[in-house]
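The structure under discussion appears below in the form of structure tokens.
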Amino acid sequence: MLNKRNRVIAKVITYVLLILFSIYTMFPFVWMLISSFKPKTEIRTATPSFTIDAPTLENFHRVLFDAGFVNYIKNSLIVSVTACVISMIIAVLAGYALSRFYKLKVVKVSNLAMMLSQMIPGVLLLVPLYMIMQMLGILESYRSLILAYTTFVIPLCTFMMSSFFDTVPTALEEAAEIDGCNRAQTLTKVIIPLSIPSLVSTGLYAFINAWNEFMYGYIFISTDTYRTLTPAIMLFKGANTIDWGALMAGSVVAVIPVTFIFLFLQRYFLAGLMAGSVKG
Amino acid sequence: MKPSRKLTRDQRKFRTALIMLAPALIFLALMIAFPLGKVIHDAFTHVHLINKSMTGFAGLENFKTVIEDEHFMEAVQHTVLWTVFSVLGEYVVGMITAVLLNQKFKGRAVFRTFIFIPWLVPIIVAGMTWDWILNPEFGILNYVLKNLGIIETSINFLGNSDYALATVIFVNIWRSFPYYTISFLSAMQSIPGDLSEAAAIDGAGVFRRFFSVTLPQLRSVSLVIVFIHIIWTAVNFDFIWVMTEGGPNYATETLPIMIYRYSMRTFDVGAASALSTMMFTVMVILFIFYYRKRTQISEDMA
Amino acid sequence: MKKKVVSLMLVAAMVASLAACGSSGSSDSSEGGGEDGERVVELWTCWTEGADTETAGLEQIEKFEEETGVTVNQTNFTYDMLHEKILTAAAGGNVPDLIWGLPEYVGEFYNMGILEDLTDRFNEWEDKDALSEAVVNAMTIDNKIVGIPYEMTVRAYLTHADDLSAAGIEAPATWEDLMAQTDYYDNNGKYLTELACTGVRSAQELVVYLAQYDLEIATAQDDGKYRNTWTENPDELEKATKVFQMYKDLVDNGIIDPNCANWGWEETDENLATGIVSSYVTGNWLAEREASNPDTMGDIAVNPIPYPSDGHPATYMECKPLFILADSKNKDDAFALATAFCSYDWQSAGFADRSPRSDVSTDSKWSKDFQALADTGITFPPVTLGGITQAMQDAMAMVLQEGEEPAAAAEWLSNAVNDSLADSGELSE
């Protein structure tokens, strides 16, 4: 048993280490925030400083109104939310099949296919996917991005859901069946309500993934109307100048929404991830 | 088989499973399998965006081009270093933070949020921000280190080939370790408390308890998470591209960067596809090893 | 309670997704609008967000739309993004009508066969005489005009006049003058000058120093193709070696920061603008740094680029073309828009300091002093440059980072350039 003195020491060490780790994780975030409030004359100097002589909202104003970020935020939201919803639906169905019918050959093959799909470098699918999108006639629309983002998260989302379903006793379903429910009813009335935490964490994963993706966002979309946030941020890296103030303000704008969503749903996310990572 | 209108129970099961899997499979077939087929096809074909005289079946020539590339071996080496050290670092930092956060103390939720933040930052934003922080002339990090007297002259972290790879690995660990933390944390919380208590009563110290109780319980999570991150790290393109574009002087060039260079800089799609095919093959082999190991672990546990 | 929150979110998500389907559906109908006789030009630009060029550009586009009844769908990118997008788009055969480009793209895009030949249209264009011969040449490949210029800059040797007078020296005019300043760093606490050794800028600088010795990175041959001839001419190889020797000596003698081996334009321009270094070869876009760094940018003087005393002055002329793509469905209006870009009004409004037109300039040093250097301007040969500029950077890295001999680097570069030409099918045998 730990005695009291040891416990105090352990606590102090815990705090010190956690503070150090927090500095490591939070520093770029804080620096981004500070820089975004700096006026042009302060942002690029040979001696950087943590304080701001004349804090300004100029960068945010430029980003949100002159550079059209309001529209980009809207686009990112539409794409991410839709991709998130579709992947949740698909993952619930596929995850359920993976969990309940794992003995069937078709399920085993699907499982394998999903694992293999994780092993393909994204860069190499760029040109073929572009051509597919064009064949489908959905370049320059939200649908191309939704399709791509949904596909990339399906495997992991499915695994997360299926490992959760593994923890749900089949007895529940059997009881429902006796009550006269068919499979669909069982799923919607019994299983889904139980799996809210897993669903939230699956959805959040899909959402963050879509929100943060960059490469496909800029290859598939060429008009301001459908442009999403991450490619828009890169626009401040101009041909001969980098507008660091606007770049940092744009980054803050991109990070804030996910951070809040995460803060709000943190508990579910942890619970859901736990189920997912045990099986994978 | 007797002709019967009613499906057998097995057939019904098969049908249900197929219907439920169908949406996922359609997405995967259209967006992954089909393009992958194209890539494998191109690997054995002459495809060049500019030199139109290069057409037709290429046999193994594209593979030869790649292997004879003077930067190929270097890129393989970098990919291995980048993957191994990233995953190792992420694992260690993730484990330490998870152990710390798995105690009861005030402010736990706040620290947990702080630690998870990097995972929420888009890769390009993270890359650009670090790029700026690490700049030798006007970056804050060099400035702070110099003021603290730790270094005398600025270190060109991303621009000096001695530091560049280590630096991108460091930043990659920053961005990816929170996922480990959270996964370990969740897994630790599912470890029955009495196991650890029993060990404590037996007089086991903190470290003993960690190695003899906690770590073995995390074996399964560890395997999954390490494997998945090996794959994700090895195929990652954006991070290195945003920060160094593979430079300075190829010091951070990994295979995905090379694939990109082939297709977008020298326009040799055939060679890019050949390299992709090689990478994919290696991944599949790794996967087979992983699969065996996992089966073995679940048998052990059962 | 918790459940309610989550189900509320799900409902919100559903609604949003329905809205997404609705709005993407409506985009289809507007795309189909072209068939009703509406004239649309899809334009891709690469201006800096928020800069004057953008403000002027948007105004002029609006004017163009009013005058012609054409709808211009303009989207802005960075050059890197635009370049990659054109490559993917061309592979898929789905391209915009008119794009901004860099001179480096001319050979590459032409060889891909995605550029429209503008020769006939150009010859009928009444305003064509406003462009100098050098500018028109930069738009020409295989005797075909493939671009309309929208911006022209040359490089100059910018010096912080206050720094130099404090050090008691004149602006160096030759390589030898530069080499003589071995104690500049010790006396003044900063380096005299710098070089870009990575990225696009580094190749542009190297090509100037080569041109000061009349060397070309790839020379046109009788068969219409190109090759690097250095290894076949001992004299040329020797001169190329001298260029690399100059890079090496500048670093070895402490005239430039050894870290510059890893710098691209982001670092070098930044260093000059913030006064970290006393001089640098760069372009007149630095004018906009007068506003952001008023303390350090006030004393900039514009000089010719230092040259070797056994060579002659040269500078890099960057004449940026507007391309019309061969797959464009509306080439007439695209050409009209391209020439509008190059019109007196638009150039005066958006590119007053850096216009390709001989009749547009201003009295500032950023225009006048730079224009004065244009006669010595050189450009890249019109070949696919992706592999070649990479090889140029690699050669610099060999000298500055790997400690290779300049002679070896020069020879390696010559062969690497020919390999790259062979890859793209442009090598003269």
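All residue names refer to the structure tokens as shown: chains lettered A, B, ... in order, residues numbered from 1 in each chain, ligands numbered from 1 in order.
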Once you count only C-alpha atoms, what closest atom pair and distance in Å to one decimal does each residue of chain B within 10 Å of chain C have, with rows by chain and rising residue number, as a Markdown table?
```
| residue | atom | partner | partner_atom | distance |
| --- | --- | --- | --- | --- |
| B:His48 | CA | C:Ser424 | CA | 8.1 |
| B:Leu49 | CA | C:Met112 | CA | 6.6 |
| B:Ile50 | CA | C:Met112 | CA | 4.7 |
| B:Asn51 | CA | C:Ser424 | CA | 4.8 |
| B:Lys52 | CA | C:Met112 | CA | 8.0 |
| B:Ser53 | CA | C:Gly425 | CA | 7.5 |
| B:Met54 | CA | C:Gly425 | CA | 8.8 |
| B:Asn135 | CA | C:Glu267 | CA | 8.7 |
| B:Pro136 | CA | C:Asn259 | CA | 9.0 |
| B:Glu137 | CA | C:Asn271 | CA | 7.7 |
| B:Phe138 | CA | C:Asn271 | CA | 9.0 |
| B:Ser154 | CA | C:Asn259 | CA | 9.8 |
| B:Ile155 | CA | C:Asn259 | CA | 9.1 |
| B:Asn156 | CA | C:Asn259 | CA | 7.2 |
| B:Leu158 | CA | C:Asn262 | CA | 8.6 |
| B:Gly159 | CA | C:Asn262 | CA | 5.0 |
| B:Asn160 | CA | C:Asn262 | CA | 6.7 |
| B:Ser161 | CA | C:Gln401 | CA | 8.4 |
| B:Glu245 | CA | C:Gly199 | CA | 9.6 |
| B:Gly247 | CA | C:Asn262 | CA | 8.3 |
| B:Pro248 | CA | C:Asn262 | CA | 5.9 |
| B:Asn249 | CA | C:Ala397 | CA | 6.0 |
| B:Tyr250 | CA | C:Asp394 | CA | 8.7 |
| B:Arg261 | CA | C:Gly387 | CA | 9.4 |
| B:Tyr262 | CA | C:Gly387 | CA | 9.7 |
| B:Ser263 | CA | C:Leu87 | CA | 9.3 |
| B:Met264 | CA | C:Glu84 | CA | 6.8 |
| B:Arg265 | CA | C:Gly386 | CA | 5.3 |
| B:Thr266 | CA | C:Gly387 | CA | 5.7 |
| B:Phe267 | CA | C:Ser424 | CA | 8.4 |
| B:Asp268 | CA | C:Asp423 | CA | 8.4 |
```
Strand (DSSP E or B) residues, from DSSP on the backbone, in stretch 174-340 of chain C, as a list in words: Thr174, Tyr191, Thr219, Ala220, Tyr226, Arg227, Val277, Ser279, Tyr280, Val281, Thr282, Ile300, Ala301, Val302, Asn303, Tyr307, Thr315, Tyr316, Met317, Glu318, Cys319, Lys320, Pro321, Leu322, Phe323, Ile324 and Leu325 of chain C
Residues of chain A within 8 Å of chain C, counting only C-alpha atoms, what are they? List them as a PyMOL selection string. chain A and resi 40-41+44-46+62+66-67+78-79+81-82+85+127+130-131+134+141-143+196+200+218-219+222-224+234-242
Residues from last step as file, C-alpha atoms, as a PDB file, in the first residue's frame:
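Result file result.pdb:
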```pdb
ATOM      1  CA  LYS A  40       0.666  42.634 -40.172  1.00  0.00           C
ATOM      2  CA  THR A  41       3.532  44.636 -38.730  1.00  0.00           C
ATOM      3  CA  ARG A  44       6.641  38.902 -39.321  1.00  0.00           C
ATOM      4  CA  THR A  45       9.466  40.192 -37.252  1.00  0.00           C
ATOM      5  CA  ALA A  46      12.892  38.820 -36.516  1.00  0.00           C
ATOM      6  CA  ARG A  62     -10.206  39.373 -43.939  1.00  0.00           C
ATOM      7  CA  ASP A  66     -13.115  39.167 -47.870  1.00  0.00           C
ATOM      8  CA  ALA A  67     -11.896  35.640 -48.502  1.00  0.00           C
ATOM      9  CA  ILE A  78     -22.560  20.157 -45.482  1.00  0.00           C
ATOM     10  CA  VAL A  79     -19.947  17.715 -46.749  1.00  0.00           C
ATOM     11  CA  VAL A  81     -22.255  16.150 -41.808  1.00  0.00           C
ATOM     12  CA  THR A  82     -23.590  14.247 -44.799  1.00  0.00           C
ATOM     13  CA  VAL A  85     -24.541  10.457 -41.463  1.00  0.00           C
ATOM     14  CA  VAL A 127      -6.062  10.443 -60.581  1.00  0.00           C
ATOM     15  CA  TYR A 130     -10.814  11.975 -60.316  1.00  0.00           C
ATOM     16  CA  MET A 131     -11.699  10.109 -63.474  1.00  0.00           C
ATOM     17  CA  GLN A 134     -15.906  12.718 -63.826  1.00  0.00           C
ATOM     18  CA  SER A 141     -20.360  19.169 -56.367  1.00  0.00           C
ATOM     19  CA  TYR A 142     -20.618  18.144 -52.763  1.00  0.00           C
ATOM     20  CA  ARG A 143     -21.415  14.620 -53.859  1.00  0.00           C
ATOM     21  CA  ILE A 196     -25.813   5.617 -28.995  1.00  0.00           C
ATOM     22  CA  VAL A 200     -21.652   9.101 -31.647  1.00  0.00           C
ATOM     23  CA  TYR A 218      -8.756  20.546 -53.671  1.00  0.00           C
ATOM     24  CA  ILE A 219      -8.474  18.153 -56.561  1.00  0.00           C
ATOM     25  CA  SER A 222     -12.455  23.977 -58.634  1.00  0.00           C
ATOM     26  CA  THR A 223     -15.103  26.567 -57.888  1.00  0.00           C
ATOM     27  CA  ASP A 224     -15.504  28.826 -54.893  1.00  0.00           C
ATOM     28  CA  MET A 234      -3.748  26.964 -48.372  1.00  0.00           C
ATOM     29  CA  LEU A 235      -4.712  29.886 -50.616  1.00  0.00           C
ATOM     30  CA  PHE A 236      -3.019  32.243 -48.216  1.00  0.00           C
ATOM     31  CA  LYS A 237       0.238  30.653 -49.210  1.00  0.00           C
ATOM     32  CA  GLY A 238       0.471  32.834 -52.276  1.00  0.00           C
ATOM     33  CA  ALA A 239       2.970  32.798 -55.119  1.00  0.00           C
ATOM     34  CA  ASN A 240       5.428  35.234 -53.631  1.00  0.00           C
ATOM     35  CA  THR A 241       4.079  36.033 -50.205  1.00  0.00           C
ATOM     36  CA  ILE A 242       2.546  34.049 -47.387  1.00  0.00           C
TER      37      ILE A 242
END
```
Between atom CA of A:Phe101 and atom CA of B:Gln11, what is the distance in Å, rounded to a tenth? 11.9 Å
Name all residues at most 12 Å from A:Thr188 (count only C-alpha atoms; drop same-chain ones fewer than 5 positions away) and give them as an MDAnalysis selection string. chainID A and resid 89 92:93 96 173 176 181:183 193:196
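Going from atom CA of C:Thr389 over to atom CA of B:Leu81, you cover 28.0 Å.
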Would you please extract all alpha helix (DSSP H) residues from stretch 33-262 of chain A, as assigned by DSSP on the backbone, and give them as a PyMOL selection string? chain A and resi 33-36+40-43+58-61+69-100+105-117+126-135+142-167+170-178+183-185+192-194+196-212+215-220+229-234+244-262
Test item: residues at most 10 Å from B:Ala274, only C-alpha atoms, excluding those fewer than 6 positions along its chain, as a list of chain:residue names: B:Val39, B:Ile40, B:His41, B:Asp42, B:Ala43, B:Phe44, B:Thr45, B:Leu60, B:Glu61, B:Asn62, B:Phe63, B:Lys64, B:Thr65, B:Val66, B:Ile67, B:Ile259, B:Phe280
Which neighbours of A:Phe262 fall inside 12 Å, counting only C-alpha atoms, when residues of the same chain fewer than 2 positions from it are skipped, and could you give them as a list in words? Val200, Ser201, Gly203, Leu204, Tyr205, Phe207, Ile208, Val255, Ile256, Pro257, Val258, Thr259, Phe260, Phe264, Leu265, Gln266, Arg267, Tyr268, Phe269 and Leu270 of chain A; Arg112, Thr113, Phe114, Phe116, Ile117, Pro118, Trp119, Leu120 and Val121 of chain B
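Comparing C:Cys342, C:Ala349, C:Ala218, C:Ala410 by their smallest distance to C:Ser428, the closest is C:Ala218 (using only C-alpha atoms).
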Residue nearest B:Pro122 - candidates A:Ala254, A:Leu172, A:Val106, A:Ile261, atoms counted: only C-alpha atoms: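 That would be A:Ala254, the residue with the smallest distance to B:Pro122.
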Would you kindly return, as a PDB file with N, CA and C atoms, in the first residue's frame, each protein, DNA or RNA residue with an atom no farther than 8 Å from any atom of C:Ala156, considering only C-alpha atoms and excluding same-chain residues fewer than 4 positions away?
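Saved result, selection29.pdb, follows:
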```
ATOM      1  N   VAL C 281      18.734  38.851 -54.721  1.00  0.00           N
ATOM      2  CA  VAL C 281      18.189  38.940 -56.073  1.00  0.00           C
ATOM      3  C   VAL C 281      16.734  38.505 -56.029  1.00  0.00           C
ATOM      4  N   THR C 282      15.811  39.446 -56.287  1.00  0.00           N
ATOM      5  CA  THR C 282      14.406  39.046 -56.240  1.00  0.00           C
ATOM      6  C   THR C 282      13.565  39.963 -57.122  1.00  0.00           C
ATOM      7  N   GLY C 283      12.244  39.873 -57.020  1.00  0.00           N
ATOM      8  CA  GLY C 283      11.376  40.592 -57.946  1.00  0.00           C
ATOM      9  C   GLY C 283      10.642  41.739 -57.283  1.00  0.00           C
ATOM     10  N   VAL C 302      17.541  49.353 -56.123  1.00  0.00           N
ATOM     11  CA  VAL C 302      17.432  48.358 -57.193  1.00  0.00           C
ATOM     12  C   VAL C 302      18.690  48.396 -58.057  1.00  0.00           C
ATOM     13  N   ASN C 303      19.381  47.263 -58.142  1.00  0.00           N
ATOM     14  CA  ASN C 303      20.630  47.191 -58.914  1.00  0.00           C
ATOM     15  C   ASN C 303      20.585  46.021 -59.885  1.00  0.00           C
ATOM     16  N   PRO C 304      21.469  46.063 -60.903  1.00  0.00           N
ATOM     17  CA  PRO C 304      21.586  44.885 -61.789  1.00  0.00           C
ATOM     18  C   PRO C 304      22.163  43.695 -61.011  1.00  0.00           C
ATOM     19  N   ILE C 305      21.846  42.497 -61.446  1.00  0.00           N
ATOM     20  CA  ILE C 305      22.357  41.306 -60.780  1.00  0.00           C
ATOM     21  C   ILE C 305      23.871  41.190 -61.014  1.00  0.00           C
ATOM     22  N   THR C 315      19.459  38.712 -66.502  1.00  0.00           N
ATOM     23  CA  THR C 315      18.467  38.584 -65.445  1.00  0.00           C
ATOM     24  C   THR C 315      17.374  37.650 -65.913  1.00  0.00           C
ATOM     25  N   PHE C 370      13.313  48.397 -62.492  1.00  0.00           N
ATOM     26  CA  PHE C 370      13.259  46.998 -62.921  1.00  0.00           C
ATOM     27  C   PHE C 370      13.195  46.911 -64.449  1.00  0.00           C
ATOM     28  N   LEU C 373      16.216  46.827 -66.614  1.00  0.00           N
ATOM     29  CA  LEU C 373      17.044  45.624 -66.712  1.00  0.00           C
ATOM     30  C   LEU C 373      16.499  44.620 -67.727  1.00  0.00           C
TER      31      LEU C 373
END
```
Residues near C:Leu210, anyone? I mean within 12 Å using only C-alpha atoms, not counting same-chain ones fewer than 4 positions away, as a PDB file with C-alpha atoms, in the first residue's frame.
```
ATOM      1  CA  ALA C 203      16.255  27.114 -60.530  1.00  0.00           C
ATOM      2  CA  GLN C 204      15.380  30.602 -61.736  1.00  0.00           C
ATOM      3  CA  GLU C 205      18.453  32.019 -60.010  1.00  0.00           C
ATOM      4  CA  LEU C 206      20.744  29.304 -61.309  1.00  0.00           C
ATOM      5  CA  ASP C 214      25.869  32.222 -72.287  1.00  0.00           C
ATOM      6  CA  LEU C 215      25.025  28.744 -71.077  1.00  0.00           C
ATOM      7  CA  GLU C 216      21.614  27.240 -71.656  1.00  0.00           C
ATOM      8  CA  ILE C 217      20.195  24.456 -69.576  1.00  0.00           C
ATOM      9  CA  ALA C 218      18.822  22.890 -72.769  1.00  0.00           C
ATOM     10  CA  TRP C 230      27.830  20.911 -71.724  1.00  0.00           C
ATOM     11  CA  GLU C 236      30.795  25.000 -71.608  1.00  0.00           C
ATOM     12  CA  LEU C 237      31.424  22.471 -68.891  1.00  0.00           C
ATOM     13  CA  GLU C 238      34.166  24.658 -67.501  1.00  0.00           C
ATOM     14  CA  LYS C 239      31.853  27.660 -67.361  1.00  0.00           C
ATOM     15  CA  ALA C 240      29.105  25.638 -65.694  1.00  0.00           C
ATOM     16  CA  THR C 241      31.682  24.476 -63.182  1.00  0.00           C
ATOM     17  CA  LYS C 242      32.567  28.113 -62.441  1.00  0.00           C
ATOM     18  CA  VAL C 243      28.919  28.826 -61.618  1.00  0.00           C
ATOM     19  CA  PHE C 244      28.796  26.007 -59.079  1.00  0.00           C
ATOM     20  CA  GLN C 245      32.209  27.083 -57.798  1.00  0.00           C
ATOM     21  CA  MET C 246      30.720  30.538 -57.187  1.00  0.00           C
ATOM     22  CA  TYR C 247      27.899  29.006 -55.093  1.00  0.00           C
ATOM     23  CA  TYR C 307      27.819  38.996 -63.017  1.00  0.00           C
ATOM     24  CA  PRO C 308      31.228  37.416 -63.556  1.00  0.00           C
ATOM     25  CA  GLY C 311      30.722  37.047 -68.559  1.00  0.00           C
ATOM     26  CA  HIS C 312      27.951  39.597 -69.032  1.00  0.00           C
ATOM     27  CA  PRO C 313      24.882  40.866 -67.150  1.00  0.00           C
ATOM     28  CA  ALA C 314      21.695  38.837 -67.343  1.00  0.00           C
ATOM     29  CA  THR C 315      18.467  38.584 -65.445  1.00  0.00           C
ATOM     30  CA  TYR C 316      15.507  36.261 -65.319  1.00  0.00           C
ATOM     31  CA  ILE C 378      16.460  35.463 -70.339  1.00  0.00           C
ATOM     32  CA  THR C 379      13.919  32.676 -69.927  1.00  0.00           C
ATOM     33  CA  PHE C 380      13.824  28.914 -69.603  1.00  0.00           C
ATOM     34  CA  MET C 392      19.081  21.752 -60.883  1.00  0.00           C
ATOM     35  CA  ALA C 410      28.047  20.357 -63.467  1.00  0.00           C
TER      36      ALA C 410
END
```
Looking at B:Ile288, B:Leu145, B:Val221, B:Met278, which one is nearest to chain A, with distances taken over only C-alpha atoms? B:Val221
Mind pulling up the distance from atom CA of B:His78 to atom CA of B:Met258?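 Answer for the atom CA of B:Met258 to atom CA of B:His78 separation: 11.3 Å.
Each of A:Ser49, A:Gln118, A:Asn59, A:Ser80 was checked against B:Val284 using only C-alpha atoms; the smallest atom-to-atom distance is that of A:Gln118.
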May I ask which of the residues B:Gly127, B:Pro256, B:Pro178, B:Gly149 is the closest one to A:Met248, counting only C-alpha atoms?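 Comparing B:Gly127, B:Pro256, B:Pro178, B:Gly149 against A:Met248, the winner is B:Gly127.
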Which residue of C:Val146, C:Ala171, C:Ala334, C:Met152 approaches C:Leu131 most closely, using only C-alpha atoms: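 Checking each of C:Val146, C:Ala171, C:Ala334, C:Met152 against C:Leu131, counting only C-alpha atoms, the winner is C:Met152.
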